[in-house]
file final.cif (mmCIF, C-alpha atoms)
data_coords
loop_
_atom_site.label_atom_id
_atom_site.label_comp_id
_atom_site.auth_asym_id
_atom_site.auth_seq_id
_atom_site.Cartn_x
_atom_site.Cartn_y
_atom_site.Cartn_z
CA MET I 1 33.29 83.64 8.76
CA ALA I 2 34.09 85.94 5.89
CA CYS I 3 33.51 84.75 2.37
CA ILE I 4 36.77 84.60 0.48
CA PRO I 5 36.45 84.84 -3.31
CA GLN I 6 37.84 81.86 -5.11
CA PRO I 7 40.29 82.45 -7.96
CA VAL I 8 39.02 81.80 -11.47
CA THR I 9 40.09 78.39 -12.60
CA ARG I 10 41.36 77.56 -16.05
CA ALA I 11 38.32 75.45 -16.81
CA ARG I 12 35.96 78.34 -16.07
CA ARG I 13 38.09 80.79 -18.07
CA GLY I 14 37.96 78.49 -21.10
CA ARG I 15 34.15 78.50 -21.15
CA GLU I 16 34.03 82.34 -21.16
CA ARG I 17 36.78 82.86 -23.72
CA GLY I 18 34.66 84.14 -26.67
CA SER I 19 31.95 85.93 -24.70
CA VAL I 20 33.56 89.38 -24.96
CA ALA I 21 33.84 89.11 -28.74
CA VAL I 22 30.19 88.03 -29.03
CA GLU I 23 29.00 90.87 -26.79
CA PHE I 24 31.08 93.35 -28.80
CA ALA I 25 29.62 92.04 -32.08
CA LEU I 26 26.08 92.48 -30.71
CA VAL I 27 26.53 95.97 -29.25
CA LEU I 28 28.74 97.60 -31.91
CA PRO I 29 26.08 97.92 -34.67
CA LEU I 30 23.62 99.49 -32.21
CA PHE I 31 26.25 101.90 -30.94
CA LEU I 32 27.31 102.92 -34.46
CA ALA I 33 23.68 103.42 -35.53
CA LEU I 34 23.17 105.69 -32.52
CA VAL I 35 26.32 107.73 -33.23
CA PHE I 36 25.61 108.11 -36.96
CA GLY I 37 21.96 108.93 -36.23
CA ILE I 38 23.10 111.75 -33.94
CA ILE I 39 25.45 113.06 -36.65
CA ASP I 40 22.70 113.05 -39.29
CA GLY I 41 20.27 114.65 -36.84
CA GLY I 42 22.79 117.44 -36.27
CA ARG I 43 23.19 117.93 -40.01
CA LEU I 44 19.40 118.13 -40.40
CA MET I 45 19.13 120.78 -37.69
CA MET I 46 21.94 122.78 -39.32
CA ALA I 47 20.11 122.62 -42.67
CA ARG I 48 16.87 123.84 -41.06
CA TRP I 49 18.63 126.76 -39.37
CA MET I 50 20.48 127.71 -42.55
CA VAL I 51 17.31 127.66 -44.67
CA SER I 52 15.50 129.77 -42.06
CA TYR I 53 18.37 132.28 -41.91
CA ALA I 54 18.70 132.40 -45.71
CA VAL I 55 15.03 133.24 -46.34
CA ALA I 56 15.09 135.84 -43.56
CA ARG I 57 18.10 137.45 -45.21
CA GLY I 58 16.38 137.21 -48.60
CA GLY I 59 13.32 138.93 -47.14
CA ARG I 60 15.53 141.70 -45.81
CA VAL I 61 17.24 142.18 -49.19
CA ALA I 62 13.86 142.17 -50.97
CA SER I 63 12.47 144.78 -48.56
CA LEU I 64 15.20 147.30 -49.42
CA ARG I 65 14.18 149.76 -52.14
CA GLY I 66 17.67 149.64 -53.66
CA THR I 67 17.30 145.97 -54.69
CA ALA I 68 16.81 146.04 -58.46
CA ALA I 69 15.69 142.52 -59.39
CA VAL I 70 14.35 139.23 -58.10
CA THR I 71 17.64 137.56 -59.02
CA ASP I 72 19.41 139.74 -56.43
CA VAL I 73 17.13 138.31 -53.74
CA GLN I 74 17.55 134.75 -55.02
CA ASN I 75 21.33 135.11 -55.10
CA ALA I 76 21.34 136.52 -51.55
CA VAL I 77 19.37 133.52 -50.29
CA ALA I 78 21.62 131.05 -52.14
CA ALA I 79 24.76 132.78 -50.83
CA SER I 80 23.46 132.62 -47.26
CA ALA I 81 22.92 128.87 -47.50
CA SER I 82 25.86 127.96 -49.72
CA LEU I 83 27.16 125.46 -47.14
CA ILE I 84 24.18 123.16 -47.75
CA GLY I 85 24.12 123.75 -51.49
CA LEU I 86 20.88 125.71 -51.83
CA VAL I 87 20.54 127.02 -55.38
CA ALA I 88 18.96 130.32 -56.45
CA ALA I 89 16.55 128.55 -58.81
CA ASN I 90 14.73 127.06 -55.79
CA VAL I 91 14.01 130.48 -54.24
CA ASN I 92 10.60 132.08 -54.84
CA VAL I 93 9.82 135.79 -54.39
CA GLN I 94 6.38 137.34 -54.53
CA ILE I 95 5.10 140.89 -53.91
CA ASN I 96 1.59 141.47 -52.47
CA ALA I 97 0.51 137.89 -53.23
CA GLY I 98 1.41 138.35 -56.91
CA ALA I 99 -0.53 141.59 -57.44
CA THR I 100 2.57 143.74 -58.02
CA ALA I 101 5.69 143.20 -60.12
CA PHE I 102 8.96 143.20 -58.19
CA THR I 103 10.26 146.35 -59.87
CA ALA I 104 7.00 148.21 -59.17
CA ARG I 105 7.00 147.60 -55.43
CA LYS I 106 6.56 150.55 -53.10
CA SER I 107 6.82 151.25 -49.40
CA GLY I 108 4.37 149.13 -47.40
CA ASP I 109 4.10 146.31 -49.94
CA ASP I 110 4.50 142.79 -48.56
CA VAL I 111 7.40 140.67 -49.81
CA HIS I 112 7.10 136.90 -49.44
CA VAL I 113 10.31 134.87 -49.88
CA TRP I 114 10.23 131.09 -49.58
CA THR I 115 12.23 128.06 -50.57
CA THR I 116 12.34 124.31 -50.17
CA TYR I 117 15.55 122.35 -49.69
CA THR I 118 15.80 118.57 -49.97
CA PHE I 119 18.01 117.23 -47.18
CA THR I 120 19.71 113.96 -48.11
CA ARG I 121 21.02 111.77 -45.33
CA LYS I 122 24.60 110.71 -45.82
CA LEU I 123 24.04 107.59 -43.77
CA ALA I 124 20.83 106.25 -45.26
CA PHE I 125 21.45 102.78 -43.82
CA VAL I 126 20.46 104.08 -40.38
CA PHE I 127 16.99 105.19 -41.51
CA PRO I 128 15.17 103.82 -44.57
CA SER I 129 13.83 107.19 -45.81
CA ALA I 130 16.83 108.97 -47.29
CA THR I 131 15.40 112.47 -47.98
CA ILE I 132 13.60 115.10 -45.92
CA SER I 133 12.07 118.30 -47.29
CA VAL I 134 13.10 121.44 -45.38
CA ALA I 135 11.06 124.58 -46.08
CA GLY I 136 11.63 128.18 -45.07
CA THR I 137 9.50 131.28 -45.52
CA SER I 138 9.78 134.99 -44.75
CA LEU I 139 7.17 137.74 -45.00
CA THR I 140 8.45 141.33 -44.72
CA SER I 141 7.30 144.80 -45.70
CA VAL I 142 9.10 147.02 -48.19
CA GLU I 143 10.73 149.99 -46.49
#

call {"tool": "encode", "arguments": {"input": "final.cif", "output": "structure tokens"}}
result
Amino acid sequence: MACIPQPVTRARRGRERGSVAVEFALVLPLFLALVFGIIDGGRLMMARWMVSYAVARGGRVASLRGTAAVTDVQNAVAASASLIGLVAANVNVQINAGATAFTARKSGDDVHVWTTYTFTRKLAFVFPSATISVAGTSLTSVE
């Protein structure tokens, strides 16, 4: 004989009435933490890529003989990472490990450009530590 499912009775339905709301209340915070964690993780990766690109571009600008001053390099780095709010004051430029002034550089000198950006999570309630330091560096030769 085949088993025929019995219809749900009113008494059984009454006992299960609030179970969906309780399950929703238990799962929703976990789901939102996962979604917001993914969003912040994406923002962190974007910040890392932008800092890396910005210092590479700064190294390229510094390696060109036509660049007149360190501030030109710092402004190029800041402009390349303007979306994350990197400021020119946080950009460091050094020629031959500090042995040569920027204006006295010549072909073959090494230019080191580096910066540190402090990434602040927008959704700090997901993770207790609200800031992460993102660093970027570039070492190029003057053309």

call {"tool": "atom_distance", "arguments": {"input": "final.cif", "atom1": "CA of Ala62 in chain I", "atom2": "CA of Val113 in chain I"}}
result
8.2 Å

call {"tool": "closest_residue", "arguments": {"input": "final.cif", "among": "I:Ala47, I:Val73, I:Ile39, I:Leu32", "to": "Gly59 in chain I", "atoms": "only C-alpha atoms"}}
result
I:Val73

call {"tool": "closest_atom_pairs", "arguments": {"input": "final.cif", "of": "range 6-88 of chain I", "to": "range 135-142 of chain I", "cutoff": "10 Å", "atoms": "only C-alpha atoms", "output": "tab-separated table"}}
result
residue	atom	partner	partner_atom	distance
I:Ala47	CA	I:Ala135	CA	9.9
I:Arg48	CA	I:Ala135	CA	7.7
I:Trp49	CA	I:Gly136	CA	9.1
I:Met50	CA	I:Gly136	CA	9.2
I:Val51	CA	I:Gly136	CA	5.7
I:Ser52	CA	I:Gly136	CA	5.2
I:Tyr53	CA	I:Gly136	CA	8.5
I:Ala54	CA	I:Gly136	CA	8.3
I:Val55	CA	I:Ser138	CA	5.8
I:Ala56	CA	I:Ser138	CA	5.5
I:Arg57	CA	I:Ser138	CA	8.7
I:Gly58	CA	I:Ser138	CA	8.0
I:Gly59	CA	I:Ser138	CA	5.8
I:Arg60	CA	I:Thr140	CA	7.2
I:Val61	CA	I:Val142	CA	9.5
I:Ala62	CA	I:Val142	CA	7.3
I:Ser63	CA	I:Val142	CA	4.1
I:Leu64	CA	I:Val142	CA	6.2
I:Arg65	CA	I:Val142	CA	7.0

call {"tool": "closest_residue", "arguments": {"input": "final.cif", "among": "I:Glu143, I:Val87, I:Val93, I:Asn75", "to": "Asp109 in chain I", "atoms": "only C-alpha atoms"}}
result
I:Glu143

call {"tool": "closest_residue", "arguments": {"input": "final.cif", "among": "I:Gly108, I:Asp40, I:Ala99, I:Asn90", "to": "Thr131 in chain I", "atoms": "all atoms listed in the file"}}
result
I:Asp40

call {"tool": "atom_distance", "arguments": {"input": "final.cif", "atom1": "CA of Ala68 in chain I", "atom2": "CA of Ala81 in chain I"}}
result
21.3 Å

call {"tool": "residues_near_point", "arguments": {"input": "final.cif", "point": "(18.5, 117.9, -49.4)", "cutoff": "10 Å", "atoms": "all atoms listed in the file", "output": "NGL selection string"}}
result
:I and (44 or 47 or 84-86 or 116-121 or 130-134)

call {"tool": "atom_distance", "arguments": {"input": "final.cif", "atom1": "CA of Thr103 in chain I", "atom2": "CA of Ser80 in chain I"}}
result
22.8 Å

call {"tool": "closest_residue", "arguments": {"input": "final.cif", "among": "I:Val22, I:Ala76, I:Ala69, I:Leu123", "to": "Gly37 in chain I", "atoms": "only C-alpha atoms"}}
result
I:Leu123

call {"tool": "residues_near_point", "arguments": {"input": "final.cif", "point": "(15.5, 134.8, -59.1)", "cutoff": "7 Å", "atoms": "all atoms listed in the file", "output": "VMD selection string"}}
result
chain I and resid 70 to 74 88 to 89 91

call {"tool": "build_atoms", "arguments": {"input": "final.cif", "residues": "range 18-48 of chain I", "atoms": "N, CA and C atoms", "output": "tab-separated table (two decimals), in the coordinates of the input"}}
result
chain	number	residue	atom	x	y	z
I	18	GLY	N	35.17	83.37	-25.54
I	18	GLY	CA	34.66	84.14	-26.67
I	18	GLY	C	33.50	85.06	-26.32
I	19	SER	N	33.12	85.15	-25.06
I	19	SER	CA	31.95	85.93	-24.70
I	19	SER	C	32.13	87.42	-24.94
I	20	VAL	N	33.31	87.95	-24.74
I	20	VAL	CA	33.56	89.38	-24.96
I	20	VAL	C	33.43	89.71	-26.44
I	21	ALA	N	33.94	88.88	-27.30
I	21	ALA	CA	33.84	89.11	-28.74
I	21	ALA	C	32.39	89.06	-29.20
I	22	VAL	N	31.60	88.14	-28.66
I	22	VAL	CA	30.19	88.03	-29.03
I	22	VAL	C	29.42	89.25	-28.54
I	23	GLU	N	29.67	89.68	-27.32
I	23	GLU	CA	29.00	90.87	-26.79
I	23	GLU	C	29.37	92.10	-27.62
I	24	PHE	N	30.62	92.23	-27.97
I	24	PHE	CA	31.08	93.35	-28.80
I	24	PHE	C	30.38	93.33	-30.16
I	25	ALA	N	30.27	92.17	-30.77
I	25	ALA	CA	29.62	92.04	-32.08
I	25	ALA	C	28.13	92.37	-32.00
I	26	LEU	N	27.50	92.15	-30.86
I	26	LEU	CA	26.08	92.48	-30.71
I	26	LEU	C	25.85	93.96	-30.43
I	27	VAL	N	26.73	94.58	-29.67
I	27	VAL	CA	26.53	95.97	-29.25
I	27	VAL	C	27.07	96.97	-30.27
I	28	LEU	N	28.11	96.65	-31.00
I	28	LEU	CA	28.74	97.60	-31.91
I	28	LEU	C	27.79	98.16	-32.98
I	29	PRO	N	26.99	97.34	-33.67
I	29	PRO	CA	26.08	97.92	-34.67
I	29	PRO	C	25.06	98.90	-34.06
I	30	LEU	N	24.56	98.58	-32.88
I	30	LEU	CA	23.62	99.49	-32.21
I	30	LEU	C	24.30	100.80	-31.83
I	31	PHE	N	25.50	100.71	-31.33
I	31	PHE	CA	26.25	101.90	-30.94
I	31	PHE	C	26.56	102.76	-32.16
I	32	LEU	N	27.00	102.16	-33.25
I	32	LEU	CA	27.31	102.92	-34.46
I	32	LEU	C	26.06	103.55	-35.06
I	33	ALA	N	24.93	102.84	-35.04
I	33	ALA	CA	23.68	103.42	-35.53
I	33	ALA	C	23.28	104.62	-34.70
I	34	LEU	N	23.47	104.56	-33.40
I	34	LEU	CA	23.17	105.69	-32.52
I	34	LEU	C	24.08	106.88	-32.83
I	35	VAL	N	25.37	106.65	-32.96
I	35	VAL	CA	26.32	107.73	-33.23
I	35	VAL	C	26.04	108.37	-34.59
I	36	PHE	N	25.86	107.56	-35.63
I	36	PHE	CA	25.61	108.11	-36.96
I	36	PHE	C	24.24	108.78	-37.04
I	37	GLY	N	23.27	108.27	-36.30
I	37	GLY	CA	21.96	108.93	-36.23
I	37	GLY	C	22.06	110.31	-35.60
I	38	ILE	N	22.88	110.44	-34.58
I	38	ILE	CA	23.10	111.75	-33.94
I	38	ILE	C	23.79	112.70	-34.92
I	39	ILE	N	24.75	112.21	-35.66
I	39	ILE	CA	25.45	113.06	-36.65
I	39	ILE	C	24.48	113.54	-37.72
I	40	ASP	N	23.67	112.65	-38.27
I	40	ASP	CA	22.70	113.05	-39.29
I	40	ASP	C	21.64	113.98	-38.71
I	41	GLY	N	21.23	113.74	-37.48
I	41	GLY	CA	20.27	114.65	-36.84
I	41	GLY	C	20.84	116.05	-36.69
I	42	GLY	N	22.12	116.14	-36.35
I	42	GLY	CA	22.79	117.44	-36.27
I	42	GLY	C	22.87	118.13	-37.62
I	43	ARG	N	23.15	117.36	-38.66
I	43	ARG	CA	23.19	117.93	-40.01
I	43	ARG	C	21.82	118.43	-40.44
I	44	LEU	N	20.76	117.70	-40.07
I	44	LEU	CA	19.40	118.13	-40.40
I	44	LEU	C	19.06	119.43	-39.68
I	45	MET	N	19.41	119.55	-38.42
I	45	MET	CA	19.13	120.78	-37.69
I	45	MET	C	19.91	121.95	-38.30
I	46	MET	N	21.15	121.73	-38.69
I	46	MET	CA	21.94	122.78	-39.32
I	46	MET	C	21.28	123.22	-40.62
I	47	ALA	N	20.78	122.28	-41.41
I	47	ALA	CA	20.11	122.62	-42.67
I	47	ALA	C	18.85	123.44	-42.40
I	48	ARG	N	18.08	123.07	-41.39
I	48	ARG	CA	16.87	123.84	-41.06
I	48	ARG	C	17.21	125.26	-40.64
